[in-house]
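Enquirer: Can you read through this structure? Questions will come right after.
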Amino acid sequence: MSGRPNDNVILFPKTVDFYQFELTRMLETERYGEAIELLRFLLACQSQDERVQEEWHALLQWLQTMFPEAHIALSDEDGQDDLTEQDILREHLAGKVREDSGYTDKLLGMLQESHSMENQLLALGQLAFLEDSRINGKLAEWVTTGEQHPMIQYKTLQTLKMRGMSGMLQLRKNGETILVEVEDTPSDFDQFPSSINDILERIQENSQTSNPALAYFAEETWNEFLAFVYGTSTYRQMLLMDRESIDAWAAALHFVLLERVFESGDRDEVFELYGITNELLFQWEQAYRIMQQFATATFTGRLRD
């Protein structure tokens, strides 16, 4: 997402609802730098709701005032500020434990008992930095018992990897039983194999100029989709994609976003944009079906009027 003006981008009500959801989740999980970046993007777009624009402007000013380190980190390219923020968070959490000996158990309880995915993500974000030898075993036991939300499963694997755990875990995910190596879990979304990241790049190539809002949605949605399918048979199939298959997946995500978020979309135009021929139609239909399953599970509550 660039910081360039997007005067040609109009945010419609359902699009605004989506962004409001994203902002809420970023704030609840203390991702203040990402919230600042998103607000800058939104304020460069046109909105039909002046009240929302005023709220976003006020929120941006408040974040930049209250969290200057997050504001500065956006312009940092060497990653050193991120390491400093991790050190600060680790020390802050150590202080919490010194003040409350049951703090770790409270976080584990929040993760295991909460029905809020935001609270679960917040708990995992803190458990990753706590010095407690019980945490790895507790997390591994919990994530392998029953079927958790795919995003929470993925974040739990990331947390275990960050804490230095290795080895194989068996999970229930999207109706299948999967085996994953903890140490193989990508620490960030840009660490997925190049063939996977090429799908997002194709969408950004085709929408960065003509539809910057869709380019942003594509990045956010693609990251959630990767968490949704990671380790499944669908993911293993995607690892074997050729160039044409990448176009089919990119076209499927592009079209689903147009349908679900922008309430528009012409399939023939999308096919022409990505070069989807009759030979690729079967692959596109498979990708589109899986994308629809993901969108139904992910977007339904988010975009409800």
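Just remember, in the structure tokens the first chain shown is A, the second B, etc., residues are 1-based per chain, and ligands are 1-based in the order shown.
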If you run DSSP on the backbone here, which positions in stretch 61-236 of chain A get strand (DSSP E)? Please write them as a PyMOL selection string.

Expert: chain A and resi 168-173+176-181

Enquirer: With only C-alpha atoms as the counted atoms, please give the residues lying no more than 6 Å from stretch 166-179 of chain A, apart from itself and same-chain residues fewer than 3 positions off, as a list in words.

Expert: Thr144, Glu147, Val182 and Glu183 of chain A

Enquirer: Could you dump the residues just selected with all heavy atoms as a JSON list (two decimals), in the first residue's frame?

Expert:
[["chain", "number", "residue", "atom", "x", "y", "z"],
["A", 144, "THR", "N", -3.92, -28.72, 19.26],
["A", 144, "THR", "CA", -4.13, -30.05, 18.67],
["A", 144, "THR", "C", -5.38, -30.73, 19.22],
["A", 144, "THR", "O", -5.70, -31.86, 18.82],
["A", 144, "THR", "CB", -2.91, -30.95, 18.93],
["A", 144, "THR", "OG1", -2.65, -31.01, 20.34],
["A", 144, "THR", "CG2", -1.68, -30.43, 18.21],
["A", 147, "GLU", "N", -10.93, -28.41, 16.85],
["A", 147, "GLU", "CA", -10.64, -27.62, 15.66],
["A", 147, "GLU", "C", -10.84, -26.15, 15.97],
["A", 147, "GLU", "O", -11.96, -25.70, 16.19],
["A", 147, "GLU", "CB", -11.52, -28.04, 14.48],
["A", 147, "GLU", "CG", -11.20, -27.32, 13.19],
["A", 147, "GLU", "CD", -11.84, -27.96, 11.96],
["A", 147, "GLU", "OE1", -12.42, -29.05, 12.10],
["A", 147, "GLU", "OE2", -11.75, -27.38, 10.87],
["A", 182, "VAL", "N", 6.32, -27.36, 13.03],
["A", 182, "VAL", "CA", 6.26, -26.03, 13.64],
["A", 182, "VAL", "C", 7.33, -25.11, 13.06],
["A", 182, "VAL", "O", 7.06, -23.96, 12.71],
["A", 182, "VAL", "CB", 6.42, -26.14, 15.17],
["A", 182, "VAL", "CG1", 6.51, -24.74, 15.79],
["A", 182, "VAL", "CG2", 5.26, -26.91, 15.77],
["A", 183, "GLU", "N", 8.56, -25.63, 12.93],
["A", 183, "GLU", "CA", 9.67, -24.78, 12.47],
["A", 183, "GLU", "C", 9.54, -24.36, 11.01],
["A", 183, "GLU", "O", 10.22, -23.43, 10.57],
["A", 183, "GLU", "CB", 11.02, -25.48, 12.69],
["A", 183, "GLU", "CG", 11.20, -26.77, 11.91],
["A", 183, "GLU", "CD", 10.75, -27.99, 12.70],
["A", 183, "GLU", "OE1", 9.82, -27.87, 13.51],
["A", 183, "GLU", "OE2", 11.34, -29.07, 12.48]]

Enquirer: Atom CA of A:Leu23 and atom CA of A:Leu38 are how many Å apart?

Expert: 7.7 Å

Enquirer: Apply DSSP to the structure's backbone, then extract all residues of stretch 38-259 of chain A labelled helix (DSSP H, G or I) and return them as a VMD selection string.

Expert: chain A and resid 38 to 43 50 to 66 68 to 73 80 to 99 103 to 113 117 to 127 135 to 143 150 to 162 182 to 184 189 to 191 194 to 207 212 to 229 233 to 238 243 to 259

Enquirer: Do you know which residues are at most 12 Å from A:Ala295 counting only C-alpha atoms, after dropping those on the same chain fewer than 2 positions away, and could you put them as a PyMOL selection string?

Expert: chain A and resi 221-222+224-225+228+252-253+255-261+288-293+297-303

Enquirer: Select, from A:Thr29, A:Ala227, A:Asp190, A:Met66, the residue with the minimum atom-to-atom distance to A:Met151, counting only C-alpha atoms.

Expert: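 Of A:Thr29, A:Ala227, A:Asp190, A:Met66, the one nearest A:Met151, counting only C-alpha atoms, is A:Ala227.
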
Enquirer: Please, what distance in Å, to one decimal, runs between atom CA of A:His57 and atom CA of A:Ser116?

Expert: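 Those two atoms sit 27.5 Å apart.
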
Enquirer: Hey, which of A:Glu34, A:Leu127, A:Tyr154, A:Gln237 ends up closest to A:Tyr103? Count only C-alpha atoms.

Expert: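 Closest candidate: A:Leu127.
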
Enquirer: Please list as a list in words every residue within 8 Å of stretch 200-214 of chain A, counting only C-alpha atoms and excluding residues in the same chain fewer than 2 positions away.

Expert: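 In the requested form, the answer reads Asn6, Val9, Ile196, Asn197, Asp198, Tyr216, Phe217, Ala218, Glu219, Trp222, Asp247, Ala250, Ala251, His254, Leu257, Leu258 and Leu273 of chain A.
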
Enquirer: Of the candidates A:Phe189, A:Tyr230, A:Gly102, A:Gly164, which one gets nearest to A:Ile152 if we count only C-alpha atoms?

Expert: A:Tyr230

Enquirer: My list of candidates is A:Met165, A:Ala248, A:Met117, A:Leu139. Which is closest to A:Thr104 when distances are computed with only C-alpha atoms?

Expert: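 With only C-alpha atoms as the atom set, the closest residue is A:Leu139.
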
Enquirer: Write out as number ranges by chain each polymer residue whose atoms come within 8 Å of A:Ser195, counting only C-alpha atoms; drop sequence neighbours fewer than 3 positions from it.

Expert: A: 198-199, 239, 241, 246

Enquirer: Any idea what the distance is between atom CA of A:Leu59 and atom CA of A:Ala215?

Expert: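 Between these atoms lies a distance of 23.3 Å.
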
Enquirer: Excluding A:Met162 and its own-chain neighbours fewer than 4 positions away, which residues fall within 9 Å of it when counting only C-alpha atoms? Please give them as a ChimeraX atom specification.

Expert: /A:128-129,157-158,183,187

Enquirer: Using only C-alpha atoms, which protein or nucleic acid residues come within 10 Å of A:Leu108? Drop anything in the same chain fewer than 3 positions from it, and give the result as a list of chain:residue names.

Expert: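 My list of contacting residues is A:Tyr103, A:Thr104, A:Asp105, A:Leu111, A:Gln112, A:Glu113, A:Ser114, A:Gln120, A:Ala123, A:Leu124, A:Leu127, A:Ile135, A:Lys138, A:Leu139, A:Trp142.
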
Enquirer: Write the selection just made, keeping N, CA and C atoms, as a tab-separated table (two decimals), in the first residue's frame?

Expert:
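Result written to again_2.tsv:
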chain	number	residue	atom	x	y	z
A	103	TYR	N	-0.46	-13.92	35.76
A	103	TYR	CA	-0.71	-13.24	34.48
A	103	TYR	C	-0.64	-14.21	33.31
A	104	THR	N	0.33	-15.11	33.31
A	104	THR	CA	0.44	-16.08	32.21
A	104	THR	C	-0.81	-16.95	32.13
A	105	ASP	N	-1.30	-17.42	33.28
A	105	ASP	CA	-2.49	-18.25	33.29
A	105	ASP	C	-3.71	-17.48	32.79
A	111	LEU	N	-7.04	-17.14	25.82
A	111	LEU	CA	-6.89	-17.86	24.56
A	111	LEU	C	-7.85	-19.03	24.47
A	112	GLN	N	-7.95	-19.81	25.52
A	112	GLN	CA	-8.69	-21.06	25.48
A	112	GLN	C	-10.19	-20.90	25.69
A	113	GLU	N	-10.59	-19.83	26.37
A	113	GLU	CA	-11.99	-19.69	26.74
A	113	GLU	C	-12.73	-18.58	25.99
A	114	SER	N	-11.98	-17.65	25.39
A	114	SER	CA	-12.63	-16.51	24.74
A	114	SER	C	-13.26	-16.93	23.42
A	120	GLN	N	-8.12	-13.58	21.41
A	120	GLN	CA	-7.20	-14.71	21.27
A	120	GLN	C	-5.90	-14.27	20.62
A	123	ALA	N	-3.88	-12.41	23.15
A	123	ALA	CA	-3.24	-13.31	24.11
A	123	ALA	C	-2.01	-13.97	23.49
A	124	LEU	N	-2.12	-14.44	22.26
A	124	LEU	CA	-0.98	-15.08	21.60
A	124	LEU	C	0.17	-14.10	21.41
A	127	LEU	N	1.84	-14.02	24.79
A	127	LEU	CA	2.43	-15.30	25.19
A	127	LEU	C	3.73	-15.58	24.43
A	135	ILE	N	4.46	-22.71	28.69
A	135	ILE	CA	3.64	-22.16	27.61
A	135	ILE	C	3.64	-23.04	26.37
A	138	LYS	N	1.41	-26.07	26.81
A	138	LYS	CA	0.00	-25.69	26.89
A	138	LYS	C	-0.56	-25.31	25.52
A	139	LEU	N	0.22	-24.53	24.76
A	139	LEU	CA	-0.25	-24.12	23.43
A	139	LEU	C	-0.35	-25.31	22.49
A	142	TRP	N	-3.38	-27.41	23.38
A	142	TRP	CA	-4.65	-26.75	23.05
A	142	TRP	C	-4.92	-26.76	21.55
